[in-house]
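Structure, as structure tokens:
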Amino acid sequence: MNSTLIKNAKIVNEGVIFEGDVLIEGEFIKEIGTDISHKSSISQVIDAEGNYLIPGAIDDQVHFREPGLTHKGDIASESRAAVAGGVTSFIEQPNTVPNAVTQELLEQKYEIASGASYANYSFMMGGTNDNLEEVLKTNPRNVAGIKLFLGSSTGNMLVDNEEVLEKIFSSTPMLIAVHCEDEATIKANLERYKAEYGDNIPMKFHHLIRSEEACYLSSSKAIALAKKTGARLHIFHVSTAKETDLFTNKIPLEDKKITAEVCVHHLWFTDADYETKGTLIKWNPAVKTQADKDGLWKALLDDRIDVIATDHAPHTWEEKQNPYTSAPSGGPLVQHSVVAMFEAHLQGKISVEKIVEKMAHNPAKIFKIEKRGFIREGYYADLAIVNTALPWTVNKDNILYKCGWSPLEGTNFKSRISHTFVNGQLVYANAKVKEARFGQRLLFER
């Protein structure tokens, strides 16, 4: 049986950092201790002295583009980038082509991932205005949840029929994750700017088109509906300070029926960055103001916001060069999310314990993921070692996304992922991904 002993690490788990060792046997963490002896049967020993050992990040919102949009990215390429960034599990969204809105189409994605993914994987079932019967067939044991777009999306995925929405909320016991932007508000804003600028609307107006009002109107409505129906609601990519007041920190996460996520780009960029980054930081919902960024950080740190994710959504460089109205929204982030948060830590914004809570523990709790997200004996050995004194710069030579670019290009990071383990296998070390795929389908304790 393959075994690895990690020695002298600063182990980060459940709000505590302690120096110690972790013994991995096969897929699992066998032992955690302060001085585990090196037996001859151990295959490899890694001295992690001075470095953090964290549970691998669980990114609860990515778009890996397969099937149908694989010129932008695919499960193999993007999961490969993920493990290089210390992300060991991902939950992918249904707005691929075709949309994953039937059980058959959903299972096809799992079939692809079973042979392609470097990281552990799950795929969300997509809801539409007319597929309630399919939604209700979803297996809570091996599917992460139901995804609803309450703002425009690829294909037929905008759920704007309020009667259907209420039926979905009241009919499924599964977690419902939502993209909240009010479509009517956005359309009205867009028409106003188009009347003045045509298709070449300056990017600096993006956050005024996909506005605070559009976000708040939609998220407050979704929360009201969840409270009315008792649905288990998770709101993706909260982008405004105003929305943070809709969430509570008065009860433990395990007791929350309504939870929230923030994405790295909304914690990193502001509307001032549109001037230099342009469409490269065009996301939906939009990157907004410094006041919004400050409000998101505050809510993250006081536990009104529960999860940090990426909404990783690659597009080709050529697609991003289009005028405002035809340049697609989204960008690649999954390779750089953990080090971006460690950079924020080194700037004094967030503790390492809190990073681990928001990027590993809480996604595991919210989705009830089986035996992942913690450094515990008997859990899967999904782990990353982070060296906070190994500076590097994001550039074309070290970007692993299929699209070949990053909105963080040119950024100097002080921290680097030195090792990543997926299911006990060392999949990333010495700045190289091992060309073997050990990702497994995530299972859920429901």
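As shown in the structure tokens, the chain order sets the letters A, B, ...; within each chain, residues go from 1, and ligands are also counted from 1 in the order they appear.
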| query | So which residues of region 27-262 of chain A fall under strand (DSSP E or B) by DSSP, listed as a PyMOL selection string? | reply | chain A and resi 28-33+44-47+52-55+57-62+87-92+120-123+125-126+146-149+158+176-179+233-235+258-262
| request: Name all residues at most 10 Å from Leu150 (chain A) (count only C-alpha atoms; drop same-chain ones fewer than 5 positions away) and give them as a PyMOL selection string. | output: chain A and resi 128+157-161+165+178-183+215+218-219+222
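Across the model, the gap from CA of Pro173 (chain A) to CA of Thr96 (chain A) is 24.4 Å.
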Per residue of region 189-226 of chain A within 9 Å of region 322-341 of chain A, what are the shortest atom pair and its distance in Å to one decimal, counting only C-alpha atoms, with rows by chain and residue number, as CSV?
residue,atom,partner,partner_atom,distance
A:Leu190,CA,A:Thr325,CA,9.0
A:Lys194,CA,A:Thr325,CA,8.7
A:Gly198,CA,A:Thr325,CA,8.6
A:Asp199,CA,A:Thr325,CA,5.3
A:Asn200,CA,A:Pro323,CA,5.3
A:Ile201,CA,A:Tyr324,CA,5.6
A:Pro202,CA,A:Tyr324,CA,7.0
A:Met203,CA,A:Tyr324,CA,6.6
A:His206,CA,A:Tyr324,CA,8.6
| task | Would you list the contacts of region 252-267 of chain A as an NGL selection string, taking every protein, DNA or RNA residue within 8 Å and counting only C-alpha atoms, but skipping same-chain residues closer than 3 positions in sequence? | result | :A and (223 or 226 or 230-239 or 247 or 249 or 270 or 287-288 or 293 or 296-297 or 300 or 304-311 or 333 or 337 or 340-341 or 362 or 365-366)
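The neighbours of Thr70 (chain A) here are the residues that come within 10 Å of it, using only C-alpha atoms and leaving out any residue fewer than 6 positions away in the same chain; they are Phe64, Ser77, Thr96, Val97, Pro314, His315, Lys402 and Cys403 of chain A.
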| message | So the first atom is CA of Tyr428 (chain A) and the second is CA of Ser415 (chain A); what is the distance between them in Å, to one decimal place? | response |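 Going from CA of Tyr428 (chain A) over to CA of Ser415 (chain A), I get 15.5 Å.
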